[in-house]
Each structure stands twice: as structure tokens, then as C-alpha cells.
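Below: target-v2.cif (mmCIF, C-alpha atoms)
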data_input
loop_
_atom_site.label_atom_id
_atom_site.label_comp_id
_atom_site.auth_asym_id
_atom_site.auth_seq_id
_atom_site.Cartn_x
_atom_site.Cartn_y
_atom_site.Cartn_z
CA MET P 1 -20.72 21.67 162.59
CA LEU P 2 -21.21 21.97 166.35
CA GLU P 3 -17.49 22.52 166.83
CA ASN P 4 -17.55 25.33 164.32
CA LEU P 5 -20.54 26.97 166.00
CA PHE P 6 -18.85 26.67 169.39
CA ILE P 7 -15.71 28.44 168.17
CA LEU P 8 -17.63 31.19 166.38
CA ALA P 9 -19.91 31.70 169.38
CA ALA P 10 -16.89 31.90 171.71
CA LEU P 11 -15.27 34.55 169.52
CA VAL P 12 -18.44 36.61 169.13
CA LEU P 13 -19.22 36.41 172.86
CA THR P 14 -15.66 37.47 173.69
CA TYR P 15 -16.04 40.49 171.44
CA LEU P 16 -19.44 41.40 172.87
CA GLY P 17 -18.29 40.87 176.43
CA PHE P 18 -15.16 42.96 176.11
CA ARG P 19 -16.05 45.35 173.29
CA LYS P 20 -15.32 48.44 175.38
CA GLN P 21 -11.80 47.27 176.24
CA ILE P 22 -11.18 46.08 172.68
CA SER P 23 -12.36 49.31 171.04
CA GLU P 24 -10.19 51.41 173.39
CA ASP P 25 -6.96 49.68 172.38
CA ASN P 26 -6.17 50.45 168.75
CA LYS P 27 -3.34 47.98 168.15
CA GLY P 28 -4.96 45.40 170.39
CA ARG P 29 -8.15 45.59 168.34
CA TYR P 30 -6.29 44.74 165.13
CA ILE P 31 -4.46 41.85 166.76
CA PHE P 32 -7.76 40.61 168.21
CA ILE P 33 -9.38 40.71 164.76
CA VAL P 34 -6.44 38.90 163.12
CA LEU P 35 -6.50 36.14 165.78
CA CYS P 36 -10.29 35.81 165.50
CA VAL P 37 -10.13 35.54 161.69
CA LEU P 38 -7.39 32.89 161.91
CA ALA P 39 -9.29 30.88 164.53
CA ALA P 40 -12.54 31.13 162.55
CA ALA P 41 -10.79 30.12 159.30
CA ILE P 42 -9.20 27.05 160.89
CA SER P 43 -12.49 26.20 162.58
CA ILE P 44 -14.30 26.33 159.23
CA SER P 45 -11.57 24.25 157.61
CA LEU P 46 -12.04 21.67 160.39
CA TRP P 47 -15.78 21.64 159.64
CA LEU P 48 -15.21 21.25 155.89
CA ASP P 49 -12.65 18.49 156.52
CA PHE P 50 -9.81 20.36 154.83
CA ASN P 51 -6.54 18.66 155.52
CA LEU P 52 -4.14 21.00 157.28
CA SER P 53 -1.65 18.30 158.22
CA TYR P 54 0.70 19.62 155.54
CA LEU P 55 1.83 22.01 158.30
CA PHE P 56 3.06 18.94 160.14
CA ASP P 57 4.39 17.27 156.97
CA LEU P 58 6.45 20.32 156.08
CA SER P 59 8.17 20.57 159.47
CA TYR P 60 8.61 16.81 159.65
CA LYS P 61 10.21 16.57 156.20
CA VAL P 62 12.81 19.18 157.11
CA PHE P 63 13.50 18.79 160.82
CA GLY P 64 12.12 15.34 161.62
CA ASN P 65 14.14 13.66 158.90
CA TRP P 66 17.23 15.55 160.00
CA THR P 67 16.81 14.26 163.56
CA LYS P 68 16.33 10.73 162.26
CA MET P 69 19.54 11.09 160.28
CA VAL P 70 21.42 12.22 163.42
CA ILE P 71 20.16 9.32 165.53
CA GLY P 72 20.62 6.84 162.69
CA LYS P 73 16.97 5.75 162.37
CA MET M 1 2.31 45.05 180.88
CA ASN M 2 2.19 45.44 184.61
CA THR M 3 5.77 45.21 185.89
CA GLN M 4 4.61 45.46 189.54
CA VAL M 5 3.90 41.75 189.40
CA GLN M 6 6.43 39.91 191.53
CA ILE M 7 7.27 36.28 192.02
CA SER M 8 9.78 34.77 194.44
CA ASN M 9 12.85 32.75 193.57
CA LEU M 10 11.24 29.67 195.09
CA GLN M 11 8.28 30.08 192.74
CA LEU M 12 10.67 30.52 189.80
CA ALA M 13 12.45 27.30 190.78
CA PHE M 14 9.16 25.41 190.96
CA MET M 15 7.95 26.87 187.67
CA THR M 16 11.19 25.77 185.98
CA GLY M 17 10.99 22.32 187.51
CA ASN M 18 7.34 21.93 186.61
CA PHE M 19 7.97 23.11 183.05
CA LEU M 20 10.68 20.51 182.51
CA THR M 21 8.93 17.58 184.18
CA THR M 22 5.25 17.50 183.28
CA ALA M 23 5.12 16.92 179.51
CA THR M 24 8.50 15.19 179.40
CA LEU M 25 7.41 12.33 181.62
CA ILE M 26 4.53 11.31 179.33
CA THR M 27 6.28 10.11 176.18
CA LEU M 28 9.97 11.02 176.10
CA SER M 29 11.21 7.92 177.93
CA GLN M 30 9.78 5.69 175.21
CA ALA M 31 11.80 7.48 172.52
CA LEU M 32 14.97 7.50 174.62
CA MET M 33 14.73 3.80 175.41
CA ASP M 34 14.14 3.00 171.77
CA VAL M 35 17.62 4.44 171.12
CA SER M 36 19.69 3.63 174.20
CA LEU M 37 17.71 0.75 175.80
CA GLN M 38 18.70 -0.20 179.36
CA ASN M 39 21.33 2.55 179.53
CA SER M 40 18.69 5.29 179.21
CA TRP M 41 18.94 6.20 182.89
CA ILE M 42 22.45 7.54 182.09
CA VAL M 43 20.89 9.84 179.47
CA VAL M 44 19.29 11.84 182.29
CA ILE M 45 22.75 12.52 183.73
CA LEU M 46 23.98 13.69 180.30
CA LEU M 47 20.84 15.83 179.95
CA TYR M 48 21.60 17.38 183.31
CA ALA M 49 25.09 18.30 182.11
CA PHE M 50 23.52 19.89 179.02
CA PHE M 51 20.98 21.76 181.16
CA TYR M 52 23.69 23.02 183.53
CA LEU M 53 25.92 24.27 180.71
CA LEU M 54 22.99 25.90 178.89
CA THR M 55 21.88 27.74 182.04
CA VAL M 56 25.32 28.80 183.22
CA ILE M 57 26.42 30.04 179.79
CA GLY M 58 23.04 31.50 178.76
CA LEU M 59 22.53 33.45 181.98
CA SER M 60 26.19 34.19 182.70
CA GLY M 61 25.94 37.97 182.59
CA ILE M 62 22.66 38.31 184.46
CA SER M 63 24.26 39.09 187.83
CA LYS M 64 26.23 42.02 186.37
CA ILE M 65 23.23 44.02 185.14
CA GLN M 66 20.84 46.22 187.09
CA ALA M 67 17.10 45.58 187.42
CA ASN M 68 16.32 48.28 184.83
CA GLN M 69 18.68 46.66 182.31
CA ILE M 70 16.98 43.26 182.14
CA PRO M 71 15.95 42.55 178.53
CA PHE M 72 12.22 43.30 177.91
CA PHE M 73 12.06 45.38 181.12
CA SER M 74 14.28 48.31 180.18
CA GLY M 75 11.89 50.60 178.34
CA LYS M 76 11.88 50.78 174.55
CA LEU M 77 12.61 47.47 172.87
CA THR M 78 15.68 47.10 170.67
CA ILE M 79 15.59 45.28 167.30
CA ASN M 80 17.34 42.34 168.97
CA GLU M 81 14.68 42.14 171.71
CA LYS M 82 11.89 42.32 169.12
CA PHE M 83 13.49 39.49 167.18
CA ILE M 84 13.77 37.40 170.37
CA LEU M 85 10.06 38.01 171.04
CA ILE M 86 9.09 36.91 167.51
CA LEU M 87 11.13 33.72 168.02
CA PHE M 88 9.43 33.23 171.40
CA ILE M 89 5.98 33.45 169.78
CA ILE M 90 6.97 30.74 167.25
CA PHE M 91 8.69 28.58 169.89
CA LEU M 92 5.93 28.76 172.50
CA SER M 93 3.15 28.27 169.95
CA MET M 94 4.79 25.07 168.71
CA LEU M 95 5.32 23.97 172.30
CA LEU M 96 1.72 24.61 173.33
CA ILE M 97 0.36 22.83 170.24
CA ARG M 98 2.58 19.82 171.01
CA ASP M 99 1.69 19.66 174.72
CA LEU M 100 -2.02 20.12 174.10
CA ARG M 101 -2.11 17.29 171.61
CA ILE M 102 0.03 15.01 173.80
CA ILE M 103 -2.23 15.44 176.83
CA THR M 104 -5.42 15.25 174.73
CA ASP M 105 -4.30 11.99 173.15
CA PHE M 106 -3.39 10.64 176.60
CA VAL M 107 -6.82 11.48 178.03
CA GLU M 108 -8.56 10.14 174.94
CA MET M 109 -6.68 6.85 175.12
CA VAL M 110 -6.61 6.26 178.87
CA LEU M 111 -9.47 8.13 180.54
CA LEU M 112 -12.19 9.20 178.08
CA PRO M 113 -12.03 6.93 175.02
CA THR M 114 -15.50 7.84 173.71
CA THR M 115 -15.21 11.62 174.12
CA PRO M 116 -14.32 13.50 170.90
CA THR M 117 -10.85 15.08 170.67
CA PHE M 118 -12.39 18.51 170.14
CA VAL M 119 -14.30 18.39 173.43
CA ILE M 120 -11.24 17.26 175.42
CA THR M 121 -9.10 19.97 173.81
CA MET M 122 -11.65 22.68 174.59
CA MET M 123 -11.87 21.56 178.23
CA PHE M 124 -8.10 21.97 178.51
CA ILE M 125 -8.24 25.31 176.68
CA LEU M 126 -10.86 26.55 179.13
CA ALA M 127 -8.77 25.53 182.15
CA ILE M 128 -5.47 26.95 180.94
CA THR M 129 -7.01 30.19 179.69
CA TYR M 130 -8.62 30.71 183.09
CA ILE M 131 -5.28 30.22 184.88
CA ALA M 132 -3.26 32.29 182.38
CA TRP M 133 -5.83 35.12 182.42
CA SER M 134 -5.37 35.43 186.19
CA GLY M 135 -1.75 36.45 185.66
CA LEU M 136 1.74 35.32 186.47
CA GLU M 137 1.35 35.48 190.26
CA VAL M 138 -1.57 33.08 190.11
CA ILE M 139 0.31 30.75 187.74
CA ALA M 140 3.27 30.85 190.13
CA ARG M 141 1.16 30.09 193.20
CA PHE M 142 -0.76 27.37 191.36
CA THR M 143 2.51 25.76 190.24
CA GLU M 144 3.99 26.05 193.73
CA LEU M 145 0.99 24.26 195.17
CA PHE M 146 0.70 21.39 192.73
CA PHE M 147 4.33 20.78 191.80
CA ILE M 148 4.96 19.83 195.43
CA VAL M 149 2.20 17.22 195.08
CA LEU M 150 3.81 15.91 191.89
CA ILE M 151 7.20 15.73 193.62
CA GLY M 152 5.57 13.75 196.45
CA VAL M 153 3.91 11.36 194.00
CA ILE M 154 7.14 10.70 192.08
CA LEU M 155 9.22 10.38 195.25
CA SER M 156 6.77 7.75 196.50
CA ILE M 157 7.51 5.53 193.47
CA PRO M 158 10.81 4.10 194.82
CA ILE M 159 9.01 3.09 198.05
CA THR M 160 5.95 1.59 196.41
CA LEU M 161 7.75 -0.21 193.58
CA ALA M 162 10.97 -1.26 195.33
CA ASN M 163 9.73 -4.84 195.63
CA GLN M 164 9.28 -5.11 191.85
CA LEU M 165 12.68 -3.68 190.93
CA GLU M 166 14.84 -6.16 189.00
CA LEU M 167 18.46 -5.08 188.81
CA GLU M 168 19.15 -7.58 185.98
CA SER M 169 17.11 -5.26 183.73
CA PHE M 170 20.03 -2.81 183.74
CA GLU M 171 22.50 -5.33 182.37
CA PRO M 172 24.67 -5.09 180.37
CA ILE M 173 25.74 -1.64 181.55
CA LEU M 174 27.72 0.48 179.10
CA THR M 175 29.04 -2.09 176.71
CA GLY M 176 31.40 -1.06 173.89
CA GLY M 177 28.79 0.28 171.47
CA ALA M 178 26.67 2.06 174.08
CA ILE M 179 28.29 5.49 173.92
CA LEU M 180 26.92 6.58 170.53
CA PRO M 181 23.28 5.60 171.35
CA LEU M 182 23.61 7.51 174.62
CA LEU M 183 24.67 10.66 172.78
CA GLN M 184 21.92 10.17 170.20
CA ALA M 185 19.31 9.79 172.95
CA THR M 186 20.69 12.90 174.66
CA PHE M 187 20.16 14.79 171.41
CA LEU M 188 16.51 13.60 171.34
CA GLY M 189 15.92 14.83 174.88
CA ALA M 190 17.93 18.06 174.75
CA ALA M 191 15.13 20.18 173.24
CA TRP M 192 12.75 19.08 176.03
CA ILE M 193 15.24 20.11 178.69
CA GLY M 194 16.00 23.44 177.01
CA GLU M 195 12.36 24.49 177.34
CA TRP M 196 13.18 26.30 180.59
CA ILE M 197 14.13 29.34 178.46
CA VAL M 198 10.50 30.43 178.72
CA VAL M 199 11.35 31.91 182.14
CA ILE M 200 13.59 34.48 180.40
CA LEU M 201 10.38 36.36 179.62
CA ILE M 202 9.58 36.79 183.32
CA LEU M 203 13.07 37.35 184.76
CA GLY M 204 12.31 41.00 185.51
CA MET M 205 9.38 39.99 187.70
CA VAL M 206 11.55 37.80 189.95
CA LYS M 207 12.57 39.52 193.17
CA PRO M 208 15.51 39.55 193.76
CA PHE M 209 16.37 38.74 190.15
CA LYS M 210 20.13 38.33 190.83
CA ASP M 211 19.36 34.90 192.35
CA ALA M 212 17.29 33.85 189.33
CA LYS M 213 20.06 31.75 187.76
CA ARG M 214 20.48 29.76 190.97
CA SER M 215 16.69 29.25 191.19
CA ILE M 216 16.55 27.99 187.60
CA LEU M 217 19.42 25.60 188.35
CA ILE M 218 17.61 24.32 191.46
CA GLY M 219 14.35 23.89 189.54
CA GLY M 220 16.09 22.02 186.73
CA THR M 221 17.94 19.83 189.21
CA ILE M 222 14.65 18.84 190.87
CA ALA M 223 13.07 18.14 187.47
CA LEU M 224 15.92 15.97 186.25
CA PHE M 225 16.09 14.12 189.55
CA LEU M 226 12.38 13.29 189.21
CA LEU M 227 12.90 12.18 185.60
CA PHE M 228 15.85 10.06 186.74
CA ILE M 229 13.63 8.26 189.27
CA LEU M 230 10.97 7.65 186.64
CA PHE M 231 13.37 6.42 183.94
CA PHE M 232 15.31 4.26 186.42
CA PHE M 233 12.16 2.55 187.68
CA GLN M 234 10.71 2.18 184.20
CA ILE M 235 13.79 0.18 183.23
CA GLY M 236 13.95 -1.67 186.55
CA VAL M 237 10.26 -2.57 186.82
CA LEU M 238 8.99 -2.75 183.24
CA GLY M 239 12.24 -3.44 181.39
CA ALA M 240 13.65 -1.38 178.51
CA GLN M 241 12.27 -3.72 175.83
CA LEU M 242 8.72 -3.22 177.09
CA VAL M 243 9.10 0.54 177.54
CA ARG M 244 10.39 1.07 173.99
CA TYR M 245 7.10 -0.32 172.64
CA SER M 246 4.87 1.31 175.25
CA ILE M 247 2.97 4.46 174.31
CA TYR M 248 2.73 5.89 177.84
CA PRO M 249 5.48 4.21 179.90
CA THR M 250 5.04 6.38 182.99
CA TYR M 251 1.35 5.50 183.13
CA SER M 252 2.25 1.82 182.71
CA LEU M 253 4.69 2.24 185.61
CA VAL M 254 2.15 3.75 188.01
CA GLN M 255 -0.28 0.98 187.05
CA GLN M 256 2.19 -1.42 188.67
CA ILE M 257 1.68 0.22 192.07
CA ILE M 258 -0.51 -2.09 194.13
CA LEU M 259 -0.75 -1.10 197.76
CA THR M 260 -3.73 -3.07 198.98
CA GLU M 261 -6.46 -5.23 197.51
CA PHE M 262 -9.06 -2.45 197.49
CA LEU M 263 -6.76 0.24 196.01
CA ASP M 264 -6.33 -1.48 192.67
CA ARG M 265 -6.91 1.68 190.55
CA LEU M 266 -4.42 3.92 192.31
CA ASP M 267 -3.17 5.01 188.86
CA LEU M 268 -6.31 7.11 188.36
CA VAL M 269 -5.71 8.95 191.63
CA LEU M 270 -2.11 9.65 190.64
CA VAL M 271 -3.16 10.85 187.17
CA THR M 272 -5.65 13.21 188.82
CA LEU M 273 -2.90 14.60 191.04
CA TYR M 274 -0.71 15.04 187.95
CA PHE M 275 -3.17 17.05 185.84
CA PRO M 276 -2.92 20.42 187.65
CA SER M 277 0.84 20.37 187.01
CA ILE M 278 0.44 20.08 183.25
CA PHE M 279 -2.28 22.77 183.38
CA ALA M 280 0.26 25.02 185.10
CA LYS M 281 2.83 24.33 182.40
CA MET M 282 0.42 25.04 179.54
CA ALA M 283 -0.89 28.16 181.30
CA LEU M 284 2.67 29.49 181.59
CA THR M 285 3.23 28.74 177.89
CA LEU M 286 0.04 30.60 176.96
CA PHE M 287 1.05 33.45 179.24
CA GLY M 288 4.44 33.54 177.49
CA ILE M 289 2.83 33.84 174.03
CA TYR M 290 0.50 36.59 175.28
CA ARG M 291 3.35 38.43 176.97
CA SER M 292 5.50 38.25 173.82
CA ILE M 293 2.66 39.70 171.74
CA SER M 294 1.94 42.37 174.39
CA LEU M 295 5.56 43.49 174.53
CA LEU M 296 6.03 43.39 170.79
CA ALA M 297 2.90 45.35 169.91
CA ASN M 298 2.80 47.35 173.15
CA VAL M 299 -0.76 46.31 173.95
CA ASN M 300 -2.36 45.20 177.20
CA LEU M 301 -5.58 43.50 176.21
CA LYS M 302 -6.46 40.37 178.15
CA PRO M 303 -9.35 39.33 175.85
CA LEU M 304 -6.60 38.36 173.37
CA TYR M 305 -6.19 35.22 175.46
CA ILE M 306 -9.42 33.73 174.13
CA PRO M 307 -8.81 33.77 170.34
CA LEU M 308 -5.17 32.92 171.01
CA ALA M 309 -6.01 29.84 173.09
CA LEU M 310 -8.74 28.74 170.67
CA LEU M 311 -6.30 29.09 167.76
CA MET M 312 -3.71 26.94 169.54
CA GLY M 313 -6.34 24.34 170.43
CA LEU M 314 -7.61 24.17 166.85
CA LEU M 315 -4.09 23.89 165.45
CA SER M 316 -3.34 21.04 167.86
CA ILE M 317 -6.29 19.19 166.29
CA VAL M 318 -5.86 19.99 162.60
CA MET M 319 -2.07 19.75 162.40
CA PHE M 320 -1.95 16.04 163.17
CA ASP M 321 -4.11 13.44 161.49
CA ASN M 322 -3.41 10.83 164.14
CA LYS M 323 -1.40 10.00 167.26
CA VAL M 324 1.58 8.73 165.27
CA GLU M 325 1.98 12.08 163.51
CA ASN M 326 1.91 13.84 166.86
CA PHE M 327 4.48 11.43 168.24
CA ASN M 328 6.76 12.02 165.24
CA TYR M 329 6.39 15.77 165.70
CA ALA M 330 6.97 15.66 169.47
CA ILE M 331 10.02 13.42 169.27
CA PHE M 332 11.73 13.86 165.91
CA THR M 333 10.70 17.29 164.63
CA TRP M 334 10.85 18.92 168.05
CA ALA M 335 14.35 17.54 168.78
CA SER M 336 15.80 19.64 165.94
CA ILE M 337 13.53 22.65 165.60
CA GLY M 338 13.04 23.05 169.34
CA LEU M 339 16.75 22.86 170.11
CA MET M 340 17.59 25.25 167.26
CA LEU M 341 15.07 27.85 168.48
CA GLU M 342 16.22 27.48 172.10
CA LEU M 343 19.88 27.97 171.23
CA VAL M 344 19.17 30.97 168.99
CA ILE M 345 16.91 32.62 171.59
CA LEU M 346 19.43 32.04 174.37
CA ALA M 347 22.35 33.31 172.25
CA LEU M 348 20.42 36.47 171.34
CA PHE M 349 19.40 36.96 174.98
CA ARG M 350 23.03 36.60 176.10
CA TRP M 351 24.05 39.13 173.46
CA GLN M 352 21.35 41.50 174.70
CA VAL M 353 22.58 41.16 178.30
CA TYR M 354 26.14 41.80 177.09
CA ILE M 355 25.29 44.99 175.21
CA LYS M 356 23.00 46.28 177.97
CA GLY M 357 25.07 45.41 181.00
CA PRO M 358 28.83 45.59 181.26
CA ARG M 359 29.31 47.95 178.28
CA GLU M 360 26.93 50.55 179.71
CA GLY M 361 28.60 50.07 183.08
CA LYS M 362 31.99 50.88 181.56
CA VAL M 363 30.63 53.99 179.82
CA SER M 364 29.03 55.29 182.99
CA LYS M 365 32.25 54.76 184.96
CA SER M 366 34.33 56.65 182.42
#

Re-express the file's structure as C-alpha cells.
Amino acid sequence: MLENLFILAALVLTYLGFRKQISEDNKGRYIFIVLCVLAAAISISLWLDFNLSYLFDLSYKVFGNWTKMVIGK
Amino acid sequence: MNTQVQISNLQLAFMTGNFLTTATLITLSQALMDVSLQNSWIVVILLYAFFYLLTVIGLSGISKIQANQIPFFSGKLTINEKFILILFIIFLSMLLIRDLRIITDFVEMVLLPTTPTFVITMMFILAITYIAWSGLEVIARFTELFFIVLIGVILSIPITLANQLELESFEPILTGGAILPLLQATFLGAAWIGEWIVVILILGMVKPFKDAKRSILIGGTIALFLLFILFFFQIGVLGAQLVRYSIYPTYSLVQQIILTEFLDRLDLVLVTLYFPSIFAKMALTLFGIYRSISLLANVNLKPLYIPLALLMGLLSIVMFDNKVENFNYAIFTWASIGLMLELVILALFRWQVYIKGPREGKVSKS
């Protein structure tokens, strides 16, 4: 819970602290929002104990196993 | 993006050297020695050959182009350049996630065992965001300052551990079946050595850029020499059988340094001297991701650093359930995916240099 609050507070404070710069840059604003939404979503998933290690599993199943095959493990 | 920023060739050499040394020395030797045992010190020589070939071939046309023809610095981006930048974002994000988790796990296991992973990660995020936010010149100066310290620390190892070196640990050298494990271990380490390609993003800021290839070669040579010292002494002092089952062999090695009775925890001092170097590496990686996004979307908004760094920090926590998963990712997954991305990026960069440089030169002459 505290982790989640920390992340959300950091994002909100960044926006409030730099809102003039952010609002002046059109493309930058959209990228900022996308990054904030992604960070907030992952932060909430961390709080709710959602397992995101499938990101690791996926890459490991494809590339990790291939490496193991090459080195004969 | 401000192209007035300039770094020297010496700084480029140090940044390359620092990039190749800092994360590599934490865990890679364990994986290499698991494959090629006491012959692992030879792997560094093979890795150097790989590094040399990659640099010479990848940057072969760089001296023929003008400053305004350097990819990413020549005005409007081509499709090829945009594709390279997208690959850079993927490559550097995976690299930063890996390094963050490696160093967090190290701190959690060795220095702060009761501190939660999240807190350690956020401390690192804060430090690297602060350095990266300050810009490339600051990263370059910071690296220049602390990489020299790291070089000094590693160069002191042969003096301080010479009395514990056992040459029998290297026997038998290169027996009949040793060649294949050596090549397999070289494959495991190749992706770590190819990470220098990050400096491609900042080539246009190096003055004079025509010497950049030589600087990268010098930086890589320093890095691999330092890794050679570390691997050689790990085998000679600890023994390959111990290193292959050790989680942090380099830390185990520096724990063997005993200078006097009252300096029994010298390892903590050396770890403290090492930390700024890994901060510099991660700051350059974060800067690379930011620069790729800036160039791709044509934005110049520094506050992007904060959500970007937080996202990377969070991913480094949620992607791996435990230290074993991170180890498998850093060693096995990274060996293939990292090398593949590096080769594709370098090939596309070489193609970009080819179509920008000599061909335009020929047209202008005619």
C-alpha cells in the first residue's frame, strides 16, 4: 500500500511541479500521460499482488531455452 | 535535443569502459566458470576478439562521413533511424531492468538484508534519475571521475592478493575437450560485451567524432583488461569450483583481501567505491532511453525522466519473483535476446552510415 502511494504521489508531484513545461509540449504531454498510466498500473498490480512474472517466463521460454540449448545445459 | 552538448574522446572511452565493466563483474564470471571452469580466463581473450571485430566492422564507415551526416544528428529521421531508435528503447529498457534488479539483489543480500526490495530500488532510481536529468556532460564527468577509482581498485587486486594466488588452480590448461566449453562461455558473455552500442546514440556529441571508434576500442580494452584481472584472480584465489557455485564471486574475491588486522572489512570500502560506477552506467542507460524517445517523438521534456525511471524500477521488481529468475534472465535470456538486438542495431546503424556517407559523397562529387 505504501509503495503504491509513493509511486502515485511521485507522479502527481511531478505533474504539479512541471505542469507548465508539460502543458506546453503537446507530444511530450501524451508520452508523459502514457508513462504515468503504465507506472501507476504496474504499481497498483504490485499492491494487489498480481503476478507479472509471465513477462519473464515468456522471454525465458523463447530465448533462455535457446541459449541453454546452445551451451548444452 | 540540445546538440551543443559536447564530450571528449577520453570521456567516451571511460563511458564505454565503465559500461562494459560495472554490471558484468557482479555475476557473469559465475556463469562463465560454470561452463568453462578453470579455462574461463581465456574466455575474456575470446570476448576481446569479439568486441574488436564488432567495433571495427560496426563503425567501419564512421570516419568517411561528415559531422552533419552522423545518424540521429542529420536533421529529419529516416525510417531506418526510427526503427533503430525503437530497438534501442527495447534494448536499453531490458538492460536497465536487468541491471537494477542485479544491483538491488546484491545490496539486499550483502549490505541491507532487512530493507525491502522496493525501498532499495527507489533509492537507486532517485540517484540515477538525478544524474541522468543533469545531462550527458554530467554523466560523462561523473563516469570519468569514478571509473578511474574503479580502475585503481581493480588494479590493486593483483598486489593485495598475490600471496593467495595458487597456480595449480589453472590446471589442466586447455585439455582436449576444452575448446567447445570456451566457445559456449564466449556466447554467454558476448551480449554483455556488445552493450557498448549504447554510445552510438551519443556519437554526434563527441568532439572530434572521427576518433570515436578509437576511443571505444580503448575503453573496451580497459574494460576487458579489468575483467581479465578479476576472472584470473577469481580462479587463482578462490578456484573455479568455488566460483561456479558462488552468487557474487567478485565480492567473495575482495573479501579475501586482508591488509592489516584492523582493516578486516575492506570489502565494504571497496563496494562503496564501486557504487558510483554502476550509478553512472544506469544513468547512461536511462539517458539513452530518454534520448531515443526524444528523438523519435521530437520532444524535449525532462520531466519524462521521472515516470520512465519509476516504470523501469517497478518492472525490475514485478518481472522477477525471486533472485533465481533474475539470474536466469541476466545470463540465459540476455545472452540470446541481447546479442540479437545488438547485432541488428549495429547492422542497421552500419547500413545508415553507408547510405548517408559515401553514396552522398559520390553524388556531390559528380

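Considering all atoms listed in the file, the residue among P:Leu38, P:Leu58, P:Met69, P:Ile44 positioned nearest to Asn4 in chain P is P:Ile44.
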
Inset, instruction - For range 17-29 of chain P, list every protein, DNA or RNA residue within 8 Å, evaluated using all atoms listed in the file, and leave out those in the same chain fewer than 2 positions away; present the list as a PyMOL selection string. - result: (chain P and resi 13-15+31-33) or (chain M and resi 297-301+303-304)

Inset, instruction - Report as number ranges by chain the set of chain P residues whose atoms approach chain M to within 9 Å, with distances computed over all atoms listed in the file. - result: P: 3, 7, 10-11, 14-15, 18, 21-22, 25-29, 31-33, 35-40, 42-43, 45-46, 50-57, 59-68, 70-73

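If you look at CA of Ser246 in chain M and CA of Val110 in chain M, they are 13.0 Å away from each other.
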
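Among the candidate residues M:Asp34, M:Glu342, M:Asp105, M:Glu81, the one lying nearest to Ala190 in chain M is M:Glu342, with distances computed using only C-alpha atoms.
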
Legend entry - Exercise: Leu286 in chain M partners within 12 Å, all atoms listed in the file, chain neighbours under 6 positions left out, as number ranges by chain: M: 88-97, 99-100, 124-136, 139, 198, 279-280, 292-293, 302, 304-313

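The two atoms in question, CA of Val138 in chain M and CA of Leu203 in chain M, are spaced 16.2 Å apart.
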